[in-house]
>>> print(open('entry_28.txt').read())   # compact mmCIF, N, CA and C atoms
# COMPACT_ATOMS: atom_id res chain seq x y z
N MET A 1 72.17 149.96 72.82
CA MET A 1 72.03 149.84 71.39
C MET A 1 72.62 151.09 70.73
N SER A 2 73.31 150.91 69.64
CA SER A 2 73.91 152.01 68.90
C SER A 2 72.86 152.76 68.10
N VAL A 3 73.13 154.02 67.83
CA VAL A 3 72.23 154.81 66.99
C VAL A 3 72.74 154.71 65.55
N ARG A 4 71.83 154.39 64.67
CA ARG A 4 72.18 154.28 63.24
C ARG A 4 71.18 155.07 62.43
N SER A 5 71.51 155.33 61.20
CA SER A 5 70.54 155.96 60.29
C SER A 5 69.31 155.08 60.23
N PRO A 6 68.13 155.68 60.26
CA PRO A 6 66.93 154.85 60.23
C PRO A 6 66.79 154.09 58.91
N GLY A 7 66.32 152.87 59.01
CA GLY A 7 66.03 152.08 57.81
C GLY A 7 64.62 152.39 57.38
N PRO A 8 64.20 151.95 56.28
CA PRO A 8 65.00 151.16 55.35
C PRO A 8 66.02 152.03 54.61
N TRP A 9 67.02 151.36 54.08
CA TRP A 9 68.02 152.03 53.25
C TRP A 9 67.76 151.64 51.80
N TYR A 10 68.14 152.54 50.90
CA TYR A 10 67.89 152.33 49.46
C TYR A 10 69.12 152.66 48.65
N LEU A 11 69.21 152.05 47.50
CA LEU A 11 70.20 152.46 46.50
C LEU A 11 69.68 153.77 45.92
N ALA A 12 70.47 154.82 45.99
CA ALA A 12 70.03 156.11 45.47
C ALA A 12 69.72 155.98 43.97
N PRO A 13 68.61 156.58 43.52
CA PRO A 13 68.23 156.43 42.11
C PRO A 13 69.22 157.08 41.14
N GLU A 14 69.91 158.10 41.61
CA GLU A 14 70.91 158.78 40.77
C GLU A 14 72.29 158.54 41.35
N LYS A 15 73.25 158.29 40.49
CA LYS A 15 74.63 158.15 40.96
C LYS A 15 75.13 159.52 41.40
N ALA A 16 75.99 159.51 42.40
CA ALA A 16 76.66 160.73 42.85
C ALA A 16 77.96 160.85 42.07
N ILE A 17 78.57 162.00 42.17
CA ILE A 17 79.87 162.21 41.50
C ILE A 17 80.95 162.19 42.57
N GLY A 18 81.90 161.26 42.42
CA GLY A 18 83.00 161.14 43.37
C GLY A 18 83.99 162.28 43.23
N VAL A 19 84.97 162.33 44.11
CA VAL A 19 85.94 163.42 44.12
C VAL A 19 86.73 163.54 42.82
N ASP A 20 86.90 162.43 42.12
CA ASP A 20 87.64 162.49 40.86
C ASP A 20 86.71 162.59 39.65
N GLY A 21 85.42 162.87 39.91
CA GLY A 21 84.45 163.01 38.83
C GLY A 21 83.82 161.71 38.37
N THR A 22 84.17 160.60 39.01
CA THR A 22 83.62 159.29 38.66
C THR A 22 82.24 159.12 39.28
N PRO A 23 81.26 158.60 38.53
CA PRO A 23 79.97 158.31 39.13
C PRO A 23 80.09 157.18 40.16
N VAL A 24 79.49 157.37 41.33
CA VAL A 24 79.55 156.38 42.40
C VAL A 24 78.14 156.02 42.86
N SER A 25 78.00 154.80 43.33
CA SER A 25 76.71 154.32 43.85
C SER A 25 76.59 154.71 45.32
N LEU A 26 75.47 155.31 45.67
CA LEU A 26 75.21 155.73 47.04
C LEU A 26 74.06 154.94 47.63
N VAL A 27 74.13 154.76 48.94
CA VAL A 27 73.01 154.22 49.70
C VAL A 27 72.50 155.37 50.55
N VAL A 28 71.17 155.54 50.57
CA VAL A 28 70.55 156.61 51.35
C VAL A 28 69.56 156.00 52.32
N ASP A 29 69.27 156.76 53.40
CA ASP A 29 68.31 156.26 54.38
C ASP A 29 66.91 156.75 54.03
N ALA A 30 65.96 156.50 54.94
CA ALA A 30 64.56 156.84 54.68
C ALA A 30 64.34 158.34 54.51
N GLN A 31 65.26 159.15 55.08
CA GLN A 31 65.17 160.60 54.92
C GLN A 31 66.02 161.10 53.75
N GLU A 32 66.47 160.16 52.93
CA GLU A 32 67.30 160.43 51.76
C GLU A 32 68.65 161.05 52.12
N GLN A 33 69.12 160.76 53.33
CA GLN A 33 70.46 161.18 53.74
C GLN A 33 71.45 160.09 53.36
N PRO A 34 72.63 160.46 52.88
CA PRO A 34 73.61 159.44 52.48
C PRO A 34 74.04 158.57 53.66
N VAL A 35 74.12 157.28 53.41
CA VAL A 35 74.58 156.31 54.40
C VAL A 35 75.97 155.81 54.00
N ALA A 36 76.16 155.52 52.73
CA ALA A 36 77.44 154.96 52.28
C ALA A 36 77.68 155.29 50.82
N ASN A 37 78.94 155.61 50.52
CA ASN A 37 79.42 155.73 49.15
C ASN A 37 80.09 154.39 48.87
N CYS A 38 79.53 153.63 47.95
CA CYS A 38 79.99 152.26 47.73
C CYS A 38 80.92 152.11 46.54
N GLY A 39 81.31 153.20 45.94
CA GLY A 39 82.28 153.13 44.86
C GLY A 39 81.64 153.13 43.48
N SER A 40 82.47 152.92 42.49
CA SER A 40 82.02 153.04 41.11
C SER A 40 81.94 151.69 40.42
N GLY A 41 81.36 151.72 39.24
CA GLY A 41 81.29 150.52 38.41
C GLY A 41 80.32 149.48 38.95
N ASP A 42 80.41 148.30 38.34
CA ASP A 42 79.52 147.20 38.73
C ASP A 42 79.73 146.79 40.19
N ILE A 43 80.99 146.76 40.63
CA ILE A 43 81.28 146.37 42.02
C ILE A 43 80.64 147.37 42.98
N GLY A 44 80.75 148.65 42.69
CA GLY A 44 80.15 149.67 43.55
C GLY A 44 78.64 149.50 43.64
N GLU A 45 78.02 149.22 42.52
CA GLU A 45 76.57 149.03 42.51
C GLU A 45 76.16 147.77 43.29
N LEU A 46 76.89 146.69 43.11
CA LEU A 46 76.59 145.45 43.85
C LEU A 46 76.82 145.64 45.35
N ASN A 47 77.90 146.34 45.71
CA ASN A 47 78.15 146.62 47.13
C ASN A 47 77.03 147.48 47.70
N ALA A 48 76.56 148.45 46.94
CA ALA A 48 75.48 149.32 47.40
C ALA A 48 74.20 148.52 47.63
N GLN A 49 73.93 147.57 46.76
CA GLN A 49 72.74 146.74 46.96
C GLN A 49 72.84 145.94 48.26
N LEU A 50 74.03 145.43 48.56
CA LEU A 50 74.24 144.68 49.79
C LEU A 50 74.12 145.60 51.02
N VAL A 51 74.75 146.75 50.98
CA VAL A 51 74.68 147.70 52.10
C VAL A 51 73.24 148.14 52.33
N ALA A 52 72.48 148.35 51.27
CA ALA A 52 71.09 148.78 51.41
C ALA A 52 70.26 147.74 52.17
N CYS A 53 70.66 146.49 52.12
CA CYS A 53 69.94 145.42 52.84
C CYS A 53 70.33 145.32 54.31
N ALA A 54 71.34 146.06 54.75
CA ALA A 54 71.87 145.91 56.11
C ALA A 54 70.83 146.06 57.21
N PRO A 55 69.95 147.06 57.20
CA PRO A 55 68.97 147.15 58.29
C PRO A 55 68.04 145.93 58.35
N LEU A 56 67.62 145.45 57.20
CA LEU A 56 66.76 144.26 57.17
C LEU A 56 67.53 143.03 57.64
N LEU A 57 68.75 142.87 57.18
CA LEU A 57 69.57 141.74 57.60
C LEU A 57 69.79 141.76 59.12
N LEU A 58 70.05 142.93 59.69
CA LEU A 58 70.25 143.04 61.13
C LEU A 58 68.99 142.65 61.88
N SER A 59 67.84 143.10 61.40
CA SER A 59 66.60 142.76 62.10
C SER A 59 66.32 141.25 62.02
N VAL A 60 66.66 140.62 60.92
CA VAL A 60 66.48 139.17 60.78
C VAL A 60 67.42 138.43 61.73
N VAL A 61 68.68 138.85 61.79
CA VAL A 61 69.63 138.18 62.68
C VAL A 61 69.17 138.33 64.13
N ARG A 62 68.73 139.55 64.52
CA ARG A 62 68.23 139.77 65.88
C ARG A 62 67.05 138.84 66.18
N ALA A 63 66.11 138.79 65.24
CA ALA A 63 64.89 137.99 65.45
C ALA A 63 65.20 136.50 65.58
N VAL A 64 66.04 135.98 64.70
CA VAL A 64 66.32 134.54 64.75
C VAL A 64 67.16 134.21 65.98
N TYR A 65 68.08 135.09 66.31
CA TYR A 65 68.92 134.86 67.49
C TYR A 65 68.05 134.82 68.75
N SER A 66 67.04 135.66 68.81
CA SER A 66 66.18 135.69 69.98
C SER A 66 65.34 134.42 70.11
N GLU A 67 65.22 133.65 69.03
CA GLU A 67 64.48 132.39 69.07
C GLU A 67 65.29 131.25 69.69
N VAL A 68 66.60 131.44 69.85
CA VAL A 68 67.44 130.42 70.45
C VAL A 68 67.20 130.48 71.95
N ASP A 69 66.65 129.42 72.50
CA ASP A 69 66.22 129.47 73.90
C ASP A 69 67.13 128.71 74.86
N THR A 70 68.32 128.37 74.41
CA THR A 70 69.25 127.70 75.31
C THR A 70 70.40 128.65 75.63
N PRO A 71 71.02 128.52 76.78
CA PRO A 71 72.16 129.38 77.11
C PRO A 71 73.29 129.18 76.10
N ALA A 72 74.17 130.17 76.06
CA ALA A 72 75.32 130.07 75.16
C ALA A 72 76.04 128.75 75.39
N SER A 73 76.41 128.12 74.33
CA SER A 73 77.00 126.79 74.44
C SER A 73 77.95 126.57 73.27
N GLU A 74 78.99 125.80 73.54
CA GLU A 74 79.90 125.44 72.46
C GLU A 74 79.23 124.51 71.47
N TRP A 75 78.05 123.99 71.84
CA TRP A 75 77.33 123.05 70.97
C TRP A 75 76.37 123.75 70.03
N HIS A 76 76.24 125.06 70.15
CA HIS A 76 75.36 125.78 69.23
C HIS A 76 75.85 125.62 67.79
N SER A 77 74.92 125.72 66.88
CA SER A 77 75.29 125.75 65.46
C SER A 77 76.21 126.94 65.22
N LYS A 78 77.01 126.84 64.19
CA LYS A 78 77.94 127.93 63.88
C LYS A 78 77.19 129.24 63.65
N TRP A 79 76.01 129.19 63.03
CA TRP A 79 75.30 130.43 62.75
C TRP A 79 74.90 131.13 64.05
N VAL A 80 74.61 130.38 65.11
CA VAL A 80 74.25 131.00 66.38
C VAL A 80 75.47 131.71 66.96
N ARG A 81 76.62 131.06 66.91
CA ARG A 81 77.85 131.70 67.41
C ARG A 81 78.19 132.92 66.56
N ASP A 82 78.05 132.80 65.25
CA ASP A 82 78.33 133.94 64.36
C ASP A 82 77.38 135.09 64.63
N ALA A 83 76.10 134.77 64.84
CA ALA A 83 75.11 135.81 65.13
C ALA A 83 75.46 136.52 66.43
N GLU A 84 75.89 135.75 67.43
CA GLU A 84 76.25 136.34 68.72
C GLU A 84 77.45 137.28 68.58
N VAL A 85 78.45 136.87 67.80
CA VAL A 85 79.62 137.72 67.56
C VAL A 85 79.19 139.00 66.85
N LEU A 86 78.38 138.86 65.81
CA LEU A 86 77.92 140.02 65.04
C LEU A 86 77.12 140.97 65.93
N LEU A 87 76.14 140.45 66.65
CA LEU A 87 75.30 141.29 67.50
C LEU A 87 76.12 141.92 68.63
N GLY A 88 77.07 141.18 69.17
CA GLY A 88 77.94 141.74 70.21
C GLY A 88 78.78 142.88 69.66
N HIS A 89 79.34 142.67 68.48
CA HIS A 89 80.16 143.71 67.83
C HIS A 89 79.35 144.99 67.60
N LEU A 90 78.08 144.84 67.26
CA LEU A 90 77.22 145.98 66.98
C LEU A 90 76.53 146.54 68.22
N GLY A 91 76.77 145.94 69.38
CA GLY A 91 76.12 146.39 70.60
C GLY A 91 74.64 146.07 70.62
N GLU A 92 74.26 144.97 69.98
CA GLU A 92 72.85 144.61 69.83
C GLU A 92 72.44 143.35 70.57
N LEU A 93 73.33 142.82 71.43
CA LEU A 93 72.94 141.61 72.15
C LEU A 93 71.81 141.92 73.12
N PRO A 94 70.82 141.02 73.19
CA PRO A 94 69.69 141.27 74.11
C PRO A 94 70.13 141.23 75.56
>>> encode(input="entry_28.txt", output="structure tokens")
Amino acid sequence: MSVRSPGPWYLAPEKAIGVDGTPVSLVVDAQEQPVANCGSGDIGELNAQLVACAPLLLSVVRAVYSEVDTPASEWHSKWVRDAEVLLGHLGELP
């Protein structure tokens, strides 16, 4: 399993200042360490909200994938195959 910043992650309450002086949306971890600079404007804020959900989303994908009790099969639903690809990419396959 890979080491990641501990969750939960949050949208930082204050915008940071980017290199060009533009306010940017940050995601921070439970120790208030920066996880991601998601950019500026509405898109940056929306991206930050999505990134902040990443630890929870990963735990949900892990949990539901572990409920699949049949061996890997071409007959699995697409979400099972997608979950396997995602978890494999992240080094999280059981």
>>> closest_residue(input="entry_28.txt", among="A:Ala54, A:Val85, A:Leu90, A:Ala12", to="Ser25 (chain A)", atoms="only N, CA and C atoms")
A:Ala12
>>> atom_distance(input="entry_28.txt", atom1="atom C of Val64 (chain A)", atom2="atom C of Ala52 (chain A)")
19.6 Å
>>> atom_distance(input="entry_28.txt", atom1="atom N of Pro34 (chain A)", atom2="atom C of Leu87 (chain A)")
24.6 Å
>>> atom_distance(input="entry_28.txt", atom1="CA of Leu56 (chain A)", atom2="CA of Thr22 (chain A)")
29.2 Å
>>> select_by_dssp(input="entry_28.txt", residues="chain A", states="alpha helix (DSSP H)", output="PyMOL selection string")
chain A and resi 41-52+54-66+78-89
>>> residues_near_point(input="entry_28.txt", point="(73.5, 155.1, 50.0)", cutoff="8 Å", atoms="only N, CA and C atoms", output="PyMOL selection string")
chain A and resi 9-12+25-29+32-38+48+51-52
>>> residues_around(input="entry_28.txt", residues="Tyr65 (chain A)", least_positions_apart="2", cutoff="8 Å", atoms="only N, CA and C atoms", output="short mmCIF file (atom, residue, chain, number, x, y, z; two decimals) with N, CA and C atoms, in the coordinates of the input")
data_model
loop_
_atom_site.label_atom_id
_atom_site.label_comp_id
_atom_site.auth_asym_id
_atom_site.auth_seq_id
_atom_site.Cartn_x
_atom_site.Cartn_y
_atom_site.Cartn_z
N SER A 59 67.84 143.10 61.40
CA SER A 59 66.60 142.76 62.10
C SER A 59 66.32 141.25 62.02
N VAL A 60 66.66 140.62 60.92
CA VAL A 60 66.48 139.17 60.78
C VAL A 60 67.42 138.43 61.73
N VAL A 61 68.68 138.85 61.79
CA VAL A 61 69.63 138.18 62.68
C VAL A 61 69.17 138.33 64.13
N ARG A 62 68.73 139.55 64.52
CA ARG A 62 68.23 139.77 65.88
C ARG A 62 67.05 138.84 66.18
N ALA A 63 66.11 138.79 65.24
CA ALA A 63 64.89 137.99 65.45
C ALA A 63 65.20 136.50 65.58
N GLU A 67 65.22 133.65 69.03
CA GLU A 67 64.48 132.39 69.07
C GLU A 67 65.29 131.25 69.69
N VAL A 68 66.60 131.44 69.85
CA VAL A 68 67.44 130.42 70.45
C VAL A 68 67.20 130.48 71.95
N ASP A 69 66.65 129.42 72.50
CA ASP A 69 66.22 129.47 73.90
C ASP A 69 67.13 128.71 74.86
N TRP A 79 76.01 129.19 63.03
CA TRP A 79 75.30 130.43 62.75
C TRP A 79 74.90 131.13 64.05
N VAL A 80 74.61 130.38 65.11
CA VAL A 80 74.25 131.00 66.38
C VAL A 80 75.47 131.71 66.96
N ALA A 83 76.10 134.77 64.84
CA ALA A 83 75.11 135.81 65.13
C ALA A 83 75.46 136.52 66.43
N GLU A 84 75.89 135.75 67.43
CA GLU A 84 76.25 136.34 68.72
C GLU A 84 77.45 137.28 68.58
#
>>> axis_aligned_box(input="entry_28.txt", around="region 57-71 of chain A", padding_each_side="3 Å", output="lines of an AutoDock Vina configuration file")
center_x = 68.9
center_y = 135.4
center_z = 67.1
size_x = 14.8
size_y = 21.4
size_z = 25.9
>>> residues_around(input="entry_28.txt", residues="Gly7 (chain A)", least_positions_apart="3", cutoff="6.5 Å", atoms="all atoms listed in the file", output="list in words")
Arg4, Asp29, Ala30 and Pro55 of chain A
>>> write_last_selection(input="entry_28.txt", atoms="N, CA and C atoms", output="mmCIF file, keeping the file's coordinate frame")
data_model
loop_
_atom_site.group_PDB
_atom_site.id
_atom_site.type_symbol
_atom_site.label_atom_id
_atom_site.label_comp_id
_atom_site.auth_asym_id
_atom_site.auth_seq_id
_atom_site.Cartn_x
_atom_site.Cartn_y
_atom_site.Cartn_z
ATOM 1 N N ARG A 4 71.830 154.390 64.670
ATOM 2 C CA ARG A 4 72.180 154.280 63.240
ATOM 3 C C ARG A 4 71.180 155.070 62.430
ATOM 4 N N ASP A 29 69.270 156.760 53.400
ATOM 5 C CA ASP A 29 68.310 156.260 54.380
ATOM 6 C C ASP A 29 66.910 156.750 54.030
ATOM 7 N N ALA A 30 65.960 156.500 54.940
ATOM 8 C CA ALA A 30 64.560 156.840 54.680
ATOM 9 C C ALA A 30 64.340 158.340 54.510
ATOM 10 N N PRO A 55 69.950 147.060 57.200
ATOM 11 C CA PRO A 55 68.970 147.150 58.290
ATOM 12 C C PRO A 55 68.040 145.930 58.350
#
>>> closest_residue(input="entry_28.txt", among="A:His89, A:Ser66, A:Leu57, A:Gln31", to="Ser5 (chain A)", atoms="only C-alpha atoms")
A:Gln31
>>> select_by_dssp(input="entry_28.txt", residues="region 6-79 of chain A", states="strand (DSSP E)", output="PyMOL selection string")
chain A and resi 10-11+16-17+23-24+26-28+34-37
>>> closest_residue(input="entry_28.txt", among="A:Gly88, A:Leu93, A:Val3, A:Gly41", to="Lys15 (chain A)", atoms="only C-alpha atoms")
A:Gly41
>>> build_atoms(input="entry_28.txt", residues="region 76-89 of chain A", atoms="N, CA, C and O atoms", output="PDB file, in the coordinates of the input")
ATOM      1  N   HIS A  76      76.240 125.060  70.150  1.00  0.00           N
ATOM      2  CA  HIS A  76      75.360 125.780  69.230  1.00  0.00           C
ATOM      3  C   HIS A  76      75.850 125.620  67.790  1.00  0.00           C
ATOM      4  O   HIS A  76      77.048 125.452  67.544  1.00  0.00           O
ATOM      5  N   SER A  77      74.920 125.720  66.880  1.00  0.00           N
ATOM      6  CA  SER A  77      75.290 125.750  65.460  1.00  0.00           C
ATOM      7  C   SER A  77      76.210 126.940  65.220  1.00  0.00           C
ATOM      8  O   SER A  77      76.136 127.939  65.938  1.00  0.00           O
ATOM      9  N   LYS A  78      77.010 126.840  64.190  1.00  0.00           N
ATOM     10  CA  LYS A  78      77.940 127.930  63.880  1.00  0.00           C
ATOM     11  C   LYS A  78      77.190 129.240  63.650  1.00  0.00           C
ATOM     12  O   LYS A  78      77.637 130.303  64.051  1.00  0.00           O
ATOM     13  N   TRP A  79      76.010 129.190  63.030  1.00  0.00           N
ATOM     14  CA  TRP A  79      75.300 130.430  62.750  1.00  0.00           C
ATOM     15  C   TRP A  79      74.900 131.130  64.050  1.00  0.00           C
ATOM     16  O   TRP A  79      74.886 132.360  64.110  1.00  0.00           O
ATOM     17  N   VAL A  80      74.610 130.380  65.110  1.00  0.00           N
ATOM     18  CA  VAL A  80      74.250 131.000  66.380  1.00  0.00           C
ATOM     19  C   VAL A  80      75.470 131.710  66.960  1.00  0.00           C
ATOM     20  O   VAL A  80      75.375 132.859  67.414  1.00  0.00           O
ATOM     21  N   ARG A  81      76.620 131.060  66.910  1.00  0.00           N
ATOM     22  CA  ARG A  81      77.850 131.700  67.410  1.00  0.00           C
ATOM     23  C   ARG A  81      78.190 132.920  66.560  1.00  0.00           C
ATOM     24  O   ARG A  81      78.564 133.972  67.090  1.00  0.00           O
ATOM     25  N   ASP A  82      78.050 132.800  65.250  1.00  0.00           N
ATOM     26  CA  ASP A  82      78.330 133.940  64.360  1.00  0.00           C
ATOM     27  C   ASP A  82      77.380 135.090  64.630  1.00  0.00           C
ATOM     28  O   ASP A  82      77.785 136.259  64.654  1.00  0.00           O
ATOM     29  N   ALA A  83      76.100 134.770  64.840  1.00  0.00           N
ATOM     30  CA  ALA A  83      75.110 135.810  65.130  1.00  0.00           C
ATOM     31  C   ALA A  83      75.460 136.520  66.430  1.00  0.00           C
ATOM     32  O   ALA A  83      75.355 137.743  66.541  1.00  0.00           O
ATOM     33  N   GLU A  84      75.890 135.750  67.430  1.00  0.00           N
ATOM     34  CA  GLU A  84      76.250 136.340  68.720  1.00  0.00           C
ATOM     35  C   GLU A  84      77.450 137.280  68.580  1.00  0.00           C
ATOM     36  O   GLU A  84      77.477 138.371  69.143  1.00  0.00           O
ATOM     37  N   VAL A  85      78.450 136.870  67.800  1.00  0.00           N
ATOM     38  CA  VAL A  85      79.620 137.720  67.560  1.00  0.00           C
ATOM     39  C   VAL A  85      79.190 139.000  66.850  1.00  0.00           C
ATOM     40  O   VAL A  85      79.579 140.106  67.235  1.00  0.00           O
ATOM     41  N   LEU A  86      78.380 138.860  65.810  1.00  0.00           N
ATOM     42  CA  LEU A  86      77.920 140.020  65.040  1.00  0.00           C
ATOM     43  C   LEU A  86      77.120 140.970  65.930  1.00  0.00           C
ATOM     44  O   LEU A  86      77.393 142.175  65.981  1.00  0.00           O
ATOM     45  N   LEU A  87      76.140 140.450  66.650  1.00  0.00           N
ATOM     46  CA  LEU A  87      75.300 141.290  67.500  1.00  0.00           C
ATOM     47  C   LEU A  87      76.120 141.920  68.630  1.00  0.00           C
ATOM     48  O   LEU A  87      75.897 143.087  68.978  1.00  0.00           O
ATOM     49  N   GLY A  88      77.070 141.180  69.170  1.00  0.00           N
ATOM     50  CA  GLY A  88      77.940 141.740  70.210  1.00  0.00           C
ATOM     51  C   GLY A  88      78.780 142.880  69.660  1.00  0.00           C
ATOM     52  O   GLY A  88      78.915 143.932  70.289  1.00  0.00           O
ATOM     53  N   HIS A  89      79.340 142.670  68.480  1.00  0.00           N
ATOM     54  CA  HIS A  89      80.160 143.710  67.830  1.00  0.00           C
ATOM     55  C   HIS A  89      79.350 144.990  67.600  1.00  0.00           C
ATOM     56  O   HIS A  89      79.878 146.092  67.726  1.00  0.00           O
TER      57      HIS A  89
END
